[in-house]
>>> print(open('run.cif').read())   # mmCIF, C-alpha atoms and all ligand atoms
data_coords
loop_
_atom_site.label_atom_id
_atom_site.label_comp_id
_atom_site.auth_asym_id
_atom_site.auth_seq_id
_atom_site.Cartn_x
_atom_site.Cartn_y
_atom_site.Cartn_z
CA MET D 16 72.02 107.07 120.08
CA LYS D 17 74.85 109.40 119.17
CA LYS D 18 75.12 109.96 115.45
CA ILE D 19 77.88 111.48 113.36
CA ASN D 20 76.32 113.36 110.48
CA GLU D 21 79.27 114.11 108.29
CA LEU D 22 81.75 111.28 108.04
CA PRO D 23 85.30 111.99 106.85
CA PRO D 24 86.23 110.60 103.40
CA ILE D 25 88.27 107.75 104.89
CA PHE D 26 85.01 106.27 106.28
CA LEU D 27 82.80 107.29 103.34
CA SER D 28 84.89 105.41 100.80
CA ALA D 29 84.60 102.23 102.88
CA ILE D 30 80.81 102.35 103.20
CA PRO D 31 80.16 100.33 99.99
CA VAL D 32 82.30 97.55 101.49
CA LEU D 33 80.23 97.47 104.70
CA LYS D 34 77.02 97.69 102.65
CA ARG D 35 77.97 94.66 100.60
CA LEU D 36 78.41 92.66 103.81
CA GLU D 37 75.06 93.93 105.12
CA GLU D 38 73.25 93.13 101.88
CA ALA D 39 74.51 89.56 102.20
CA GLY D 40 72.85 89.41 105.62
CA TYR D 41 75.84 90.08 107.89
CA GLU D 42 76.57 92.88 110.32
CA ALA D 43 79.46 95.25 109.64
CA TYR D 44 80.85 98.14 111.70
CA PHE D 45 83.76 100.49 111.91
CA VAL D 46 85.52 99.69 115.20
CA GLY D 47 88.41 100.55 117.45
CA GLY D 48 90.82 103.45 117.43
CA SER D 49 89.39 105.19 114.37
CA ILE D 50 86.04 105.82 116.11
CA ARG D 51 87.84 107.17 119.17
CA ASP D 52 89.96 109.46 117.01
CA LEU D 53 86.95 110.58 114.96
CA LEU D 54 85.11 111.62 118.13
CA LEU D 55 88.20 113.40 119.47
CA GLY D 56 88.79 115.21 116.19
CA ARG D 57 92.20 113.57 115.86
CA HIS D 58 93.89 112.55 112.63
CA ILE D 59 92.65 109.13 111.51
CA HIS D 60 95.45 107.06 110.00
CA ASP D 61 93.51 103.88 109.27
CA ILE D 62 90.13 102.32 109.84
CA ASP D 63 89.23 98.85 111.05
CA ILE D 64 86.10 97.05 109.95
CA ALA D 65 84.53 94.25 111.99
CA THR D 66 81.85 91.89 110.74
CA SER D 67 79.74 88.94 111.76
CA ALA D 68 80.73 87.20 108.50
CA TYR D 69 83.33 84.46 108.89
CA PRO D 70 86.55 84.92 106.89
CA GLU D 71 85.48 82.48 104.15
CA GLU D 72 82.15 84.30 103.88
CA VAL D 73 83.95 87.65 103.54
CA LYS D 74 86.17 86.19 100.83
CA SER D 75 83.19 84.89 98.87
CA LEU D 76 81.68 88.39 98.67
CA PHE D 77 84.66 90.21 97.12
CA HIS D 78 86.68 89.54 93.98
CA LYS D 79 90.11 90.39 95.32
CA THR D 80 91.10 89.47 98.85
CA ILE D 81 94.31 88.69 100.71
CA ASP D 82 94.54 86.34 103.69
CA THR D 83 96.31 88.88 105.88
CA GLY D 84 95.73 87.22 109.22
CA ILE D 85 93.17 84.62 108.37
CA LYS D 86 93.75 82.61 111.57
CA HIS D 87 92.82 85.68 113.57
CA GLY D 88 89.94 86.43 111.24
CA THR D 89 91.48 89.27 109.23
CA VAL D 90 91.02 89.44 105.48
CA THR D 91 92.19 92.36 103.35
CA VAL D 92 89.67 93.32 100.69
CA LEU D 93 90.81 95.25 97.61
CA PHE D 94 87.95 97.44 96.51
CA GLU D 95 87.97 100.32 94.02
CA GLY D 96 91.69 100.87 94.32
CA GLU D 97 91.73 100.86 98.12
CA SER D 98 92.44 98.10 100.61
CA TYR D 99 90.35 97.43 103.70
CA GLU D 100 91.07 95.16 106.64
CA ILE D 101 87.98 93.26 107.66
CA THR D 102 88.07 91.20 110.85
CA THR D 103 85.44 88.72 111.95
CA PHE D 104 83.89 89.36 115.37
CA ARG D 105 85.87 87.24 117.76
CA THR D 106 86.53 86.43 121.36
CA GLU D 107 89.92 85.51 122.71
CA SER D 108 90.17 82.76 125.22
CA SER D 109 92.48 81.17 127.77
CA TYR D 110 95.45 83.47 127.94
CA GLN D 111 97.83 81.16 129.73
CA ASP D 112 101.02 83.06 129.21
CA PHE D 113 99.79 86.60 129.97
CA ARG D 114 100.21 87.59 126.37
CA ARG D 115 98.50 86.57 123.17
CA PRO D 116 95.38 84.43 123.41
CA ASP D 117 95.79 80.68 122.91
CA HIS D 118 93.13 80.78 120.28
CA VAL D 119 90.46 83.08 118.95
CA THR D 120 86.87 82.05 118.47
CA PHE D 121 84.79 83.65 115.75
CA VAL D 122 81.39 84.81 116.94
CA ARG D 123 78.35 86.45 115.39
CA SER D 124 77.88 89.04 118.14
CA LEU D 125 79.31 92.55 118.09
CA LYS D 126 79.00 92.74 121.85
CA GLU D 127 81.34 89.77 122.36
CA ASP D 128 83.86 91.39 120.05
CA LEU D 129 83.76 94.74 121.82
CA LYS D 130 84.07 93.05 125.21
CA ARG D 131 87.54 91.69 124.42
CA ARG D 132 88.92 95.14 123.58
CA ASP D 133 91.26 96.85 126.01
CA PHE D 134 89.75 100.20 127.01
CA THR D 135 86.22 101.57 126.87
CA ILE D 136 87.28 104.36 124.49
CA ASN D 137 88.65 101.68 122.13
CA ALA D 138 85.48 99.58 122.37
CA LEU D 139 83.21 101.85 120.34
CA ALA D 140 81.66 100.85 117.03
CA MET D 141 79.93 102.85 114.28
CA ASN D 142 77.54 101.68 111.59
CA THR D 143 77.21 102.95 108.02
CA GLU D 144 74.68 105.57 109.17
CA GLY D 145 77.28 107.12 111.48
CA GLU D 146 75.47 105.82 114.58
CA ILE D 147 77.76 105.03 117.51
CA VAL D 148 77.35 101.76 119.38
CA ASP D 149 78.54 102.31 122.93
CA LEU D 150 78.10 99.27 125.18
CA PHE D 151 80.70 100.13 127.84
CA ASN D 152 80.25 103.88 128.34
CA GLY D 153 83.19 104.67 126.11
CA LEU D 154 81.53 107.98 125.19
CA GLY D 155 81.33 108.98 128.86
CA ASP D 156 84.98 108.12 129.37
CA LEU D 157 85.93 110.02 126.22
CA ASN D 158 84.15 113.05 127.63
CA ASN D 159 85.81 112.66 131.00
CA HIS D 160 89.20 111.99 129.41
CA LEU D 161 89.58 108.64 131.10
CA ILE D 162 91.44 105.46 130.16
CA LYS D 163 89.36 102.70 131.74
CA ALA D 164 89.60 98.97 131.16
CA VAL D 165 86.59 97.17 129.69
CA GLY D 166 85.26 94.96 132.50
CA ASP D 167 87.46 93.86 135.39
CA PRO D 168 90.89 95.49 134.93
CA MET D 169 92.72 92.80 136.94
CA GLU D 170 91.31 90.13 134.66
CA ARG D 171 92.07 92.14 131.53
CA PHE D 172 95.73 92.77 132.42
CA HIS D 173 96.11 89.14 133.43
CA GLU D 174 94.92 88.14 129.97
CA ASP D 175 97.37 90.45 128.23
CA ALA D 176 100.02 92.37 130.16
CA LEU D 177 100.83 94.62 127.18
CA ARG D 178 97.58 96.45 127.91
CA MET D 179 99.26 98.04 130.95
CA MET D 180 101.78 99.74 128.65
CA ARG D 181 99.00 100.64 126.24
CA ALA D 182 97.22 102.40 129.12
CA VAL D 183 100.11 104.79 129.79
CA ARG D 184 100.70 105.17 126.05
CA PHE D 185 97.12 106.37 125.49
CA MET D 186 97.41 108.66 128.54
CA SER D 187 100.30 110.37 126.81
CA GLN D 188 98.92 110.44 123.27
CA LEU D 189 95.40 111.57 124.21
CA LYS D 190 96.24 113.65 127.31
CA PHE D 191 93.86 111.47 129.34
CA ASP D 192 93.90 110.34 132.96
CA LEU D 193 93.97 106.77 134.13
CA GLU D 194 90.78 105.67 135.88
CA ASP D 195 91.48 104.72 139.53
CA GLU D 196 90.60 101.04 139.47
CA THR D 197 92.52 100.55 136.21
CA LYS D 198 95.56 102.23 137.76
CA GLU D 199 95.26 100.15 140.92
CA ALA D 200 95.21 96.97 138.80
CA ILE D 201 98.42 98.03 137.03
CA LYS D 202 100.07 98.63 140.40
CA ASN D 203 99.07 95.12 141.43
CA LEU D 204 100.08 93.38 138.22
CA HIS D 205 103.04 95.41 136.97
CA ASP D 206 105.38 92.46 137.40
CA LEU D 207 103.63 90.60 134.57
CA LEU D 208 105.07 93.05 132.04
CA PRO D 209 108.30 91.08 131.39
CA LYS D 210 106.14 88.29 129.94
CA ILE D 211 105.71 90.54 126.92
CA SER D 212 108.33 90.74 124.18
CA VAL D 213 110.68 93.72 124.39
CA GLU D 214 109.74 94.82 120.85
CA ARG D 215 106.08 95.20 121.77
CA ILE D 216 106.92 96.99 125.04
CA ARG D 217 109.33 99.27 123.16
CA ASP D 218 106.72 100.32 120.59
CA GLU D 219 104.33 101.39 123.35
CA PHE D 220 107.13 103.02 125.34
CA ILE D 221 108.14 105.16 122.34
CA LYS D 222 104.53 106.23 121.77
CA MET D 223 104.26 107.11 125.46
CA GLY D 224 107.58 108.95 125.56
CA THR D 225 106.94 111.06 122.47
CA GLY D 226 103.26 111.84 123.04
CA PRO D 227 102.01 115.29 124.05
CA ASN D 228 101.36 114.23 127.65
CA SER D 229 104.50 112.16 128.11
CA ARG D 230 105.53 113.69 131.43
CA GLN D 231 102.27 112.82 133.19
CA ALA D 232 102.20 109.36 131.62
CA PHE D 233 105.83 108.78 132.62
CA GLN D 234 104.96 109.65 136.20
CA VAL D 235 102.31 106.92 136.20
CA PHE D 236 104.73 104.55 134.45
CA LEU D 237 107.05 105.10 137.46
CA ASP D 238 104.35 105.18 140.17
CA THR D 239 102.82 101.87 139.07
CA GLU D 240 106.31 100.27 138.90
CA LEU D 241 105.83 99.38 135.25
CA SER D 242 109.29 100.92 134.87
CA GLU D 243 110.75 98.06 136.92
CA GLY D 244 109.79 95.55 134.22
CA VAL D 245 111.42 97.11 131.17
CA PRO D 246 115.06 96.70 130.05
CA ASP D 247 117.70 98.45 132.19
CA PHE D 248 115.24 100.60 134.19
CA ALA D 249 114.99 98.47 137.35
CA GLY D 250 116.17 100.32 140.45
CA LYS D 251 116.58 103.57 138.48
CA LYS D 252 113.38 105.30 139.54
CA GLU D 253 115.15 108.22 141.15
CA LEU D 254 117.19 109.09 138.06
CA LEU D 255 114.15 108.64 135.82
CA SER D 256 111.95 110.81 138.02
CA ILE D 257 113.52 113.87 136.33
CA PHE D 258 111.53 113.05 133.18
CA PRO D 259 108.13 114.11 134.57
CA SER D 260 109.61 117.42 135.71
CA LEU D 261 111.06 118.40 132.32
CA LYS D 262 109.70 121.67 130.92
CA PHE D 263 108.36 119.77 127.92
CA GLY D 264 108.74 116.26 126.53
CA PRO D 265 110.46 115.00 123.38
CA SER D 266 108.54 114.52 120.17
CA MET D 267 111.27 112.63 118.31
CA GLU D 268 112.14 109.04 119.10
CA SER D 269 115.90 109.69 118.91
CA SER D 270 115.55 112.56 121.39
CA LEU D 271 113.60 110.31 123.76
CA TRP D 272 116.36 107.67 123.83
CA ALA D 273 119.10 110.29 124.19
CA ILE D 274 117.27 111.91 127.12
CA ILE D 275 116.74 108.58 128.87
CA ILE D 276 120.42 107.70 128.44
CA ILE D 277 121.50 111.09 129.80
CA LEU D 278 119.12 110.84 132.78
CA LEU D 279 120.39 107.32 133.53
CA LYS D 280 123.95 108.73 133.41
CA LEU D 281 125.04 105.79 131.27
CA PRO D 282 128.74 105.84 130.41
CA ASN D 283 129.46 105.94 126.66
CA GLU D 284 130.50 102.31 126.49
CA GLN D 285 127.13 101.16 127.82
CA ILE D 286 124.96 103.00 125.29
CA THR D 287 125.17 100.31 122.62
CA SER D 288 124.15 97.52 124.97
CA PHE D 289 121.33 99.64 126.39
CA MET D 290 119.98 100.28 122.91
CA ARG D 291 120.36 96.57 122.04
CA ASP D 292 118.54 95.52 125.22
CA TRP D 293 115.61 97.56 123.95
CA LYS D 294 115.95 95.84 120.53
CA ASN D 295 116.54 99.11 118.75
CA SER D 296 117.88 99.10 115.19
CA ASN D 297 121.55 99.69 114.49
CA ALA D 298 120.68 102.92 112.68
CA MET D 299 118.78 104.26 115.72
CA THR D 300 121.60 103.15 118.02
CA THR D 301 124.30 104.95 116.02
CA ASN D 302 122.17 108.05 115.77
CA VAL D 303 121.50 108.18 119.50
CA GLU D 304 125.18 107.57 120.30
CA ARG D 305 126.16 110.53 118.16
CA ILE D 306 123.55 112.77 119.78
CA VAL D 307 124.68 111.88 123.30
CA GLU D 308 128.31 112.39 122.28
CA LEU D 309 127.65 115.87 120.89
CA PHE D 310 125.49 116.70 123.91
CA ASP D 311 128.36 115.82 126.27
CA LEU D 312 130.73 117.88 124.16
CA LEU D 313 128.34 120.87 124.16
CA SER D 314 128.17 120.85 127.93
CA GLU D 315 131.98 121.07 128.13
CA HIS D 316 132.93 123.52 125.41
CA SER D 317 131.73 125.06 122.21
CA PRO D 318 132.31 122.46 119.48
CA SER D 319 135.01 123.14 116.91
CA ASP D 320 134.11 123.45 113.24
CA TYR D 321 135.50 119.99 112.67
CA GLU D 322 133.34 118.57 115.48
CA LEU D 323 130.28 120.22 113.95
CA PHE D 324 131.20 118.74 110.59
CA LYS D 325 131.58 115.27 112.09
CA ALA D 326 128.22 115.49 113.85
CA GLY D 327 126.32 116.51 110.70
CA LYS D 328 123.19 118.61 110.49
CA ASP D 329 120.61 116.06 111.66
CA VAL D 330 122.59 115.11 114.76
CA LEU D 331 123.24 118.78 115.50
CA LEU D 332 119.54 119.70 115.30
CA ASN D 333 118.59 116.65 117.31
CA THR D 334 121.17 117.49 119.99
CA ILE D 335 119.89 121.07 120.22
CA ASP D 336 116.40 119.61 120.70
CA VAL D 337 117.69 117.38 123.52
CA ALA D 338 119.55 120.27 125.19
CA LYS D 339 116.44 122.45 125.13
CA ILE D 340 114.29 119.70 126.62
CA LEU D 341 116.85 119.14 129.38
CA GLY D 342 117.03 122.87 130.07
CA GLN D 343 120.71 123.03 129.10
CA PRO D 344 121.58 126.51 127.82
CA VAL D 345 122.53 126.30 124.16
CA ASN D 346 122.99 129.00 121.56
CA SER D 347 121.21 127.09 118.84
CA GLU D 348 121.13 129.88 116.28
CA ALA D 349 124.87 130.47 116.48
CA LEU D 350 125.57 126.74 116.18
CA VAL D 351 123.29 126.33 113.18
CA ASP D 352 124.77 129.44 111.55
CA ARG D 353 128.26 128.08 112.07
CA TYR D 354 127.24 124.74 110.62
CA THR D 355 125.61 126.42 107.62
CA ALA D 356 128.79 128.41 107.00
CA LEU D 357 131.02 125.29 106.89
CA PRO D 358 132.78 125.14 103.50
CA ILE D 359 131.95 121.43 103.18
CA LYS D 360 129.16 119.43 104.79
CA SER D 361 130.39 115.92 104.03
CA SER D 362 133.55 114.22 102.76
CA ALA D 363 131.92 113.97 99.34
CA ASP D 364 131.97 117.79 99.14
CA LEU D 365 135.78 117.84 99.29
CA ALA D 366 137.28 118.95 95.95
CA ILE D 367 139.71 116.01 95.98
CA ASP D 368 139.77 112.36 97.01
CA GLY D 369 142.32 109.59 97.63
CA ARG D 370 142.71 108.94 93.92
CA PHE D 371 143.65 112.58 93.36
CA LEU D 372 146.40 112.26 96.00
CA ILE D 373 147.77 109.07 94.36
CA ASN D 374 147.84 110.84 90.99
CA ALA D 375 149.72 113.65 92.70
CA GLY D 376 152.41 111.13 93.69
CA ILE D 377 151.41 110.22 97.24
CA HIS D 378 152.03 106.55 98.04
CA PRO D 379 148.95 104.52 98.94
CA GLY D 380 148.92 103.48 102.61
CA PRO D 381 147.98 104.77 106.06
CA GLY D 382 149.80 108.04 105.43
CA LEU D 383 147.45 108.80 102.58
CA GLY D 384 144.38 108.54 104.80
CA GLU D 385 145.99 110.80 107.39
CA LEU D 386 146.87 113.36 104.75
CA LEU D 387 143.31 113.32 103.44
CA THR D 388 141.95 113.94 106.95
CA GLU D 389 144.45 116.75 107.46
CA ILE D 390 143.37 118.40 104.19
CA LYS D 391 139.72 117.99 105.16
CA GLN D 392 140.32 119.62 108.55
CA LYS D 393 142.18 122.53 106.96
CA VAL D 394 139.35 123.04 104.46
CA ILE D 395 136.75 122.95 107.24
CA THR D 396 138.61 125.49 109.37
CA GLY D 397 139.09 127.74 106.34
CA GLU D 398 142.88 127.43 106.30
CA LEU D 399 142.74 125.85 102.88
CA GLU D 400 140.42 126.66 100.00
CA ASN D 401 138.29 123.76 98.78
CA SER D 402 139.67 123.59 95.24
CA GLU D 403 142.01 121.26 93.35
CA GLU D 404 144.33 124.19 92.63
CA ALA D 405 144.68 125.34 96.25
CA ILE D 406 145.15 121.77 97.44
CA THR D 407 147.80 121.13 94.75
CA VAL D 408 149.70 124.20 95.93
CA TYR D 409 149.48 122.90 99.49
CA LEU D 410 150.78 119.45 98.45
CA ASN D 411 153.68 121.03 96.56
CA GLY D 412 154.53 122.99 99.69
CA LEU D 413 154.65 119.75 101.71
CA SER D 414 157.06 118.00 99.37
CA ALA D 415 159.27 121.05 98.94
P1 LIG O 501 96.55 103.55 117.10
O1 LIG O 501 96.09 104.92 116.84
O2 LIG O 501 97.86 103.52 117.80
O3 LIG O 501 96.49 102.63 115.93
P2 LIG O 501 94.46 101.86 118.10
O4 LIG O 501 93.50 102.00 119.23
O5 LIG O 501 93.88 101.76 116.72
O6 LIG O 501 95.51 103.03 118.21
P3 LIG O 501 95.66 99.33 117.55
O7 LIG O 501 96.83 98.69 118.20
O8 LIG O 501 95.72 99.68 116.11
O9 LIG O 501 95.33 100.62 118.42
O10 LIG O 501 94.42 98.36 117.82
C1 LIG O 501 93.14 98.53 117.23
C2 LIG O 501 92.06 98.17 118.23
O11 LIG O 501 92.19 96.80 118.62
C3 LIG O 501 92.10 98.96 119.52
O12 LIG O 501 91.42 100.20 119.41
C4 LIG O 501 91.45 98.01 120.49
O13 LIG O 501 90.05 98.03 120.35
C5 LIG O 501 91.94 96.65 120.00
N1 LIG O 501 93.19 96.22 120.67
C6 LIG O 501 94.46 96.41 120.22
N2 LIG O 501 95.36 95.86 121.04
C7 LIG O 501 94.66 95.29 122.03
C8 LIG O 501 95.01 94.53 123.20
N3 LIG O 501 96.29 94.27 123.51
N4 LIG O 501 94.00 94.09 123.98
C9 LIG O 501 92.72 94.34 123.67
N5 LIG O 501 92.32 95.03 122.61
C10 LIG O 501 93.27 95.50 121.79
MG MG O 502 95.11 101.36 114.88
#
>>> encode(input="run.cif", output="structure tokens")
Amino acid sequence: MKKINELPPIFLSAIPVLKRLEEAGYEAYFVGGSIRDLLLGRHIHDIDIATSAYPEEVKSLFHKTIDTGIKHGTVTVLFEGESYEITTFRTESSYQDFRRPDHVTFVRSLKEDLKRRDFTINALAMNTEGEIVDLFNGLGDLNNHLIKAVGDPMERFHEDALRMMRAVRFMSQLKFDLEDETKEAIKNLHDLLPKISVERIRDEFIKMGTGPNSRQAFQVFLDTELSEGVPDFAGKKELLSIFPSLKFGPSMESSLWAIIIILLKLPNEQITSFMRDWKNSNAMTTNVERIVELFDLLSEHSPSDYELFKAGKDVLLNTIDVAKILGQPVNSEALVDRYTALPIKSSADLAIDGRFLINAGIHPGPGLGELLTEIKQKVITGELENSEEAITVYLNGLSA
């Protein structure tokens, strides 16, 4: 049995929790993604604990607990200033709608719990001694860098179609290949994907598109026709096939969306609805719109100082990132230098505001806004110094 001798602190601090369950006569293991990441030497963001104790039994063993997902068997235990999610071993049965199980059944057997997990590398468990329980050759697949369904892949994707997106997501994040039979099953069942909510598809798509192996994963996403079942991608394979041939992939979500929109050649007025179809937030939508806008502008001419000001630093840096990924020549240093040299970076940096203009005798109304914009532009281009005095002189000149 493979044994990990030195466990990272994130596991060590949880051991007393597992021990308490064991001392009460139950089984308790670390399970899922954290074991995979531990064995791969990846960063471990959280750990999952599984136990043979039923939720009520877990609750009776600890002073402070929260019913996080009690119906699904998950209880959060607060222990020595930390919180731990403990989930009862369970099986999931009769998936009639190709997504979540109709109901979960709590069981006392670890094997049953591991069997319901998606991929062999995600079906590993570890006890408090650091010993790895590997019932489905997850260790072999980890070594061979393979994403392989637990059991019959056709059955597993029928149960839950989201797993097909998870497969390409893990390919990208872990730089793994897709095992042949698992890939074949996705090809056969890709048209079940629309049964899954867009939000859940989107989360996996973003992880796939921003992972270190996104280009290879994207190729499989296209080859298996999964791409036909996501918002606004149907019939667009040819345009999207540029993605796998990019020199490198995006690591920021906003860059990913901007690149997809540019590859799809979406006209400006369709960007909002595209982003909405994917259930993206308004903030992400606005951000991506501004990146695509600046990208288009960059490919036509060098942006003016005022255009750089309007874009803002984050959008500028993000657009440079997108241009580099798309292989569009861009003098990023010069652009950043020019941005850095702008006399003001936001309207709040302007030495005056509307109130100042009213006090100077300008009548409130549309003309006032236009004057303010004019002053701002002159300050940005360096024609006018950003000070109350210089602006007062300018105003006096106007009324003279
Ligand atoms: P991440 O690093 O993204 O958190 P993870 O493997 O921990 O990766 P989670 O979504 O947190 O992924 O799920 C935790 C574990 O639960 C998985 O490792 C897997 O064993 C199981 N799991 C999650 N989603 C599914 C699913 N749709 N079908 C089957 N098992 C699943
Ligand atoms: Mg996880």
>>> residues_near_ligand(input="run.cif", ligand="ligand MG 502 (chain O)", cutoff="12 Å", atoms="all atoms listed in the file", output="list in words")
Phe45, Val46, Gly47, Gly48, Ser49, Ile50, Arg51, Asp52, His58, Ile59, His60, Asp61, Ile62, Asp63, Ile64, Glu100, Asn137 and Phe185 of chain D
>>> closest_residue(input="run.cif", among="D:Ala200, D:Leu76, D:Val90, D:Val235", to="Glu38 in chain D", atoms="only C-alpha atoms")
D:Leu76
>>> closest_residue(input="run.cif", among="D:Thr239, D:Thr91, D:Ser314, D:Thr106", to="Gln343 in chain D", atoms="all atoms listed in the file")
D:Ser314
>>> atom_distance(input="run.cif", atom1="CA of Val213 in chain D", atom2="CA of Gly244 in chain D")
10.0 Å
>>> atom_distance(input="run.cif", atom1="CA of Asp364 in chain D", atom2="CA of Val394 in chain D")
10.5 Å
>>> residues_around(input="run.cif", residues="range 315-319 of chain D", least_positions_apart="5", cutoff="12 Å", atoms="all atoms listed in the file", output="MDAnalysis selection string")
chainID D and resid 308:310 324:326 331 343:347 349:351 353:354 357 392 395:396
>>> write_last_selection(input="run.cif", atoms="C-alpha atoms", output="mmCIF file, in the frame of the given file")
data_model
loop_
_atom_site.group_PDB
_atom_site.id
_atom_site.type_symbol
_atom_site.label_atom_id
_atom_site.label_comp_id
_atom_site.auth_asym_id
_atom_site.auth_seq_id
_atom_site.Cartn_x
_atom_site.Cartn_y
_atom_site.Cartn_z
ATOM 1 C CA GLU D 308 128.310 112.390 122.280
ATOM 2 C CA LEU D 309 127.650 115.870 120.890
ATOM 3 C CA PHE D 310 125.490 116.700 123.910
ATOM 4 C CA PHE D 324 131.200 118.740 110.590
ATOM 5 C CA LYS D 325 131.580 115.270 112.090
ATOM 6 C CA ALA D 326 128.220 115.490 113.850
ATOM 7 C CA LEU D 331 123.240 118.780 115.500
ATOM 8 C CA GLN D 343 120.710 123.030 129.100
ATOM 9 C CA PRO D 344 121.580 126.510 127.820
ATOM 10 C CA VAL D 345 122.530 126.300 124.160
ATOM 11 C CA ASN D 346 122.990 129.000 121.560
ATOM 12 C CA SER D 347 121.210 127.090 118.840
ATOM 13 C CA ALA D 349 124.870 130.470 116.480
ATOM 14 C CA LEU D 350 125.570 126.740 116.180
ATOM 15 C CA VAL D 351 123.290 126.330 113.180
ATOM 16 C CA ARG D 353 128.260 128.080 112.070
ATOM 17 C CA TYR D 354 127.240 124.740 110.620
ATOM 18 C CA LEU D 357 131.020 125.290 106.890
ATOM 19 C CA GLN D 392 140.320 119.620 108.550
ATOM 20 C CA ILE D 395 136.750 122.950 107.240
ATOM 21 C CA THR D 396 138.610 125.490 109.370
#
>>> atom_distance(input="run.cif", atom1="CA of Ser28 in chain D", atom2="atom C1 of ligand LIG 501 (chain O)")
19.6 Å
>>> closest_residue(input="run.cif", among="D:Leu193, D:Ala232, D:Leu279, D:Ile274", to="Glu253 in chain D", atoms="all atoms listed in the file")
D:Leu279
>>> residues_around(input="run.cif", residues="Ile406 in chain D", least_positions_apart="4", cutoff="12 Å", atoms="all atoms listed in the file", output="ChimeraX atom specification")
/D:365-368,371-372,375,386-387,389-391,393-394,398-402,410-413
>>> write_last_selection(input="run.cif", atoms="C-alpha atoms", output="PDB file, in the frame of the given file")
ATOM      1  CA  LEU D 365     135.780 117.840  99.290  1.00  0.00           C
ATOM      2  CA  ALA D 366     137.280 118.950  95.950  1.00  0.00           C
ATOM      3  CA  ILE D 367     139.710 116.010  95.980  1.00  0.00           C
ATOM      4  CA  ASP D 368     139.770 112.360  97.010  1.00  0.00           C
ATOM      5  CA  PHE D 371     143.650 112.580  93.360  1.00  0.00           C
ATOM      6  CA  LEU D 372     146.400 112.260  96.000  1.00  0.00           C
ATOM      7  CA  ALA D 375     149.720 113.650  92.700  1.00  0.00           C
ATOM      8  CA  LEU D 386     146.870 113.360 104.750  1.00  0.00           C
ATOM      9  CA  LEU D 387     143.310 113.320 103.440  1.00  0.00           C
ATOM     10  CA  GLU D 389     144.450 116.750 107.460  1.00  0.00           C
ATOM     11  CA  ILE D 390     143.370 118.400 104.190  1.00  0.00           C
ATOM     12  CA  LYS D 391     139.720 117.990 105.160  1.00  0.00           C
ATOM     13  CA  LYS D 393     142.180 122.530 106.960  1.00  0.00           C
ATOM     14  CA  VAL D 394     139.350 123.040 104.460  1.00  0.00           C
ATOM     15  CA  GLU D 398     142.880 127.430 106.300  1.00  0.00           C
ATOM     16  CA  LEU D 399     142.740 125.850 102.880  1.00  0.00           C
ATOM     17  CA  GLU D 400     140.420 126.660 100.000  1.00  0.00           C
ATOM     18  CA  ASN D 401     138.290 123.760  98.780  1.00  0.00           C
ATOM     19  CA  SER D 402     139.670 123.590  95.240  1.00  0.00           C
ATOM     20  CA  LEU D 410     150.780 119.450  98.450  1.00  0.00           C
ATOM     21  CA  ASN D 411     153.680 121.030  96.560  1.00  0.00           C
ATOM     22  CA  GLY D 412     154.530 122.990  99.690  1.00  0.00           C
ATOM     23  CA  LEU D 413     154.650 119.750 101.710  1.00  0.00           C
TER      24      LEU D 413
END
>>> closest_residue(input="run.cif", among="D:Pro31, D:Gly153, D:Gly384, D:Gly376", to="ligand LIG 501 (chain O)", atoms="only C-alpha atoms and all ligand atoms")
D:Gly153
